[in-house]
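Structure record follows, encoded as structure tokens.
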Protein chains: 2
Amino acid sequence: MKLDKHWFTEICEEGGSAFSLKIRGKLHEERTPYQTIAIYETEDFGNLMVIDGFIMLSSRDNFLYHEMMAHPALFTHDRPRRVLIIGGGDCGTLREVLRHAEVEQVWQVEIDERVTRLAETYFPELCEANDDPRAHFHFGDGIQWVRDAAAEHYDVIIVDSTDPIGPAEGLFTEPFYRDCHRALAPGGVLVQQSESPLYHLDIIRGMRRAMAGAGFDDQLTLTFPQCVYPSGWWTATMAGKGRSLTRFREDDAARRPFPTRYYNEATHRAALAQPPFLSEALARE
Amino acid sequence: MKLDKHWFTEICEEGGSAFSLKIRGKLHEERTPYQTIAIYETEDFGNLMVIDGFIMLSSRDNFLYHEMMAHPALFTHDRPRRVLIIGGGDCGTLREVLRHAEVEQVWQVEIDERVTRLAETYFPELCEANDDPRAHFHFGDGIQWVRDAAAEHYDVIIVDSTDPIGPAEGLFTEPFYRDCHRALAPGGVLVQQSESPLYHLDIIRGMRRAMAGAGFDDQLTLTFPQCVYPSGWWTATMAGKGRSLTRFREDDAARRPFPTRYYNEATHRAALAQPPFLSEALARE
């Protein structure tokens with residue numbers, strides 16, 4: 001079966017696979033100082049944001065990623081009051097973080113303001129909490145921001161970035177994690193998207209090694225489905241400062257007073273389950 | 001990005017998506033009395049079997065599907081001795097079933113003998129248990145086989161079929177489930193692949209309704225990743241005869257004396273976790 005011009009295709013070279021969505025048309029495209037952002041209207045996935053040819057999110061299935069980037073880390077922390085999001089320009093993770101009533105302040109540091117402006121236009125549902133007085137937007141370099149941060153200032157740091165090539169590369173390194181470790185208060189949690197468990201075990205292993213080298217006491221890789229990303233299966237890796245990560249506030253998660261579509265206390269535990277192939281690969285250092 | 005002739009693509013019309021694998025070449029193609037079977041050599045997924053244009057399995061990631069079609073049902077049953085597999089011609093599910101020492105007999109009823117013969121050639125690792133004296137092969141109509149089965153003969157029935165179009169259509173109906181219910185001993189478990197939780201909620205709902213209508217006392221839909229199937233996320237639905245399905249032999253699963261790559265007691269529990277969107281959709285009848 002061949003795909004004609006009515007399809008957008010992303011090839012994953014390292015996986016030897018490709019994923020395509022049927023599109024109605026291109027709504028927008030622009031070259032920013034950092035990257036090329038395109039917005040498509042799809043047939044069945046709502047709107048689609050693509051950066052430098054890589055799918056970032058669709059209206060239909062972003063709930064999986066955004067809920068799993070926010071809620072496991074926040075329900076793992078005992079009392080998350082100050083949260084930092086690096087990247088996250090589409091504001092979907094921010095919306096989920098702001099659902100937690102005990103969160104007092106969220107800083108979001110996205111390098112490319114155009115991602116946020118386009119999300120406001122094409123993914124307004126993800127930006128519906130942007131006026132929350134607890135949310136602070138800074139458009140600039142996340143690496144520099146964490147380097148300049150006061151020590152022990154944040155409870156949770158969420159790295160919601162693109163792949164470890166291009167502008168996001170420095171976010172996958174030990175010096176960056178060392179700054180994150182310093183900026184986290186004791187008991188703090190770092191979480192970062194960490195690619196596919198089928199395709200990118202080397203990236204996951206390298207990230208965990210770098211987190212441990214930076215001083216974190218525990219690392220835990222969560223898995224969850226994410227249809228539009230390569231292999232349809234994705235991970236986020238948490239690191240704990242002076243804490244373990246396998247226990248979380250299960251009762252609070254079960255009694256959460258806000259709606260979710262994928263996250264609950266059971267899918268949180270499910271994300272912690274380590275299939276044998278994954279635990280064996282992660283033990284191999 | 002456009003895909004050239006070095007790619008095999010499966011379009012999922014109802015999902016508005018497509019999945020492609022990079023191929024080195026076509027190893028085999030034939031038209032059987034039932035369907036067209038093609039075998040490709042891929043770049044990164046090993047060999048690939050395609051039936052009527054739909055991806056059935058790849059060497060690389062079939063472990064996810066086959067382990068999750070076999071082990072959850074077998075570890076849910078108290079003591080599975082007699083197992084029936086409908087379909088399953090590639091023998092990957094059969095291999096997993098035969099890993100259970102307490103299984104005394106397995107009957108596999110596949111309509112198209114050529115699927116099994118081609119699996120022996122192109123997926124020999126899945127057929128390595130085919131000489132086990134406990135395995136009995138019958139090539140014929142699974143619907144008729146279950147209709148003719150002695151009452152209360154099987155402990156577990158696994159329906160490992162293609163999609164509910166074409167030859168497999170009758171396997172998704174209440175009359176078939178009624179025959180399965182009759183053929184299962186008390187405490188028996190039926191499990192069937194039930195498509196994507198993102199794309200096929202209507203099929204899952206219809207299957208569960210038909211199972212309940214056929215007399216089963218409990219239905220439970222498991223989720224697990226399956227990269228090469230539409231949306232990369234898949235389900236199997238279990239039905240219990242005079243039993244609930246949420247409890248399983250966790251200690252036996254943890255102490256299983258055979259290797260697995262995805263399945264363990266934690267991923268079994270993970271598969272049972274019902275995300276809110278899924279439990280809400282399944283409650284809506």
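By order in the structure tokens, chains are A, B, ...; within a chain, residues start at 1; ligands start at 1, following the order shown.
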
Report task. Compute the set of chain B residues within 9 Å of chain A, using only C-alpha atoms, and express it as a PyMOL selection string. Result -> chain B and resi 1-5+7-11+13-23+42-45+53+61+198+224-228+230-233+259-278

Requested in this report: Excluding B:Leu94 and any residue of its chain fewer than 3 positions from it, enumerate the residues within 12 Å of it, using only C-alpha atoms, and give them as an NGL selection string.
Outcome: :B and (66-71 or 74 or 83-91 or 97-100 or 103 or 105-110 or 116 or 125-132 or 134-137 or 157-160)

Query raised in the report: Skipping near chain neighbours, those fewer than 5 positions away, what residues fall within 7 Å of stretch 208-219 of chain B using only C-alpha atoms, listed as a ChimeraX atom specification?
Result: /B:173-174,177-178,181,237-245

Query - Backbone DSSP call of strand (DSSP E or B) for stretch 104-219 of chain B, listed as a ChimeraX atom specification - result: /B:105-110,135-139,154-160,184-193,218-219

Name all residues at most 6 Å from B:Val50 (count only C-alpha atoms; drop same-chain ones fewer than 6 positions away) and give them as a short mmCIF file (atom, residue, chain, number, x, y, z; two decimals) with N, CA and C atoms, in the first residue's frame.
data_model
loop_
_atom_site.label_atom_id
_atom_site.label_comp_id
_atom_site.auth_asym_id
_atom_site.auth_seq_id
_atom_site.Cartn_x
_atom_site.Cartn_y
_atom_site.Cartn_z
N ILE B 37 -0.68 -14.80 1.80
CA ILE B 37 0.34 -14.70 2.85
C ILE B 37 1.63 -14.23 2.21
N ALA B 38 2.24 -13.18 2.76
CA ALA B 38 3.53 -12.70 2.28
C ALA B 38 4.52 -12.68 3.44
N MET B 56 0.89 -9.45 10.56
CA MET B 56 0.57 -10.43 11.59
C MET B 56 1.62 -10.44 12.69
#

Query raised in the report: In Å, with one decimal, what is the gap from atom CA of A:Gly46 to atom CA of B:Gln193?
Result: 27.7 Å

Query raised in the report: Just asking: which residues within stretch 119-188 of chain A are alpha helix (DSSP H) according to DSSP, as a PyMOL selection string?
Result: chain A and resi 119-122+142-148+174-183

Query raised in the report: Using only C-alpha atoms, which of A:Phe63, A:Gln192, A:Lys26, A:Asp112 sits nearest A:Gly92?
Result: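 Among A:Phe63, A:Gln192, A:Lys26, A:Asp112, it is A:Phe63 that comes nearest to A:Gly92.
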
Query raised in the report: Which neighbours of A:Asp78 fall inside 10 Å, counting only C-alpha atoms, when residues of the same chain fewer than 2 positions from it are skipped, and could you give them as a list in words?
Result: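 Using only C-alpha atoms, the neighbours found are Ala73, Leu74, Phe75, Thr76, Pro80, Arg81, Asp155, Gly187, Gly188, Val189, Phe248 and Arg249 of chain A.
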
Query - Option closest in space to B:Trp145, from B:Glu120, B:Glu195, B:Asp179, B:Asp163 [counting only C-alpha atoms] - result: B:Asp179

Requested in this report: Could you tell me how far atom CA of B:Ile165 lies from atom CA of B:Leu184, in Å and to one decimal?
Outcome: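 According to the coordinates, atom CA of B:Ile165 and atom CA of B:Leu184 are separated by 25.5 Å.
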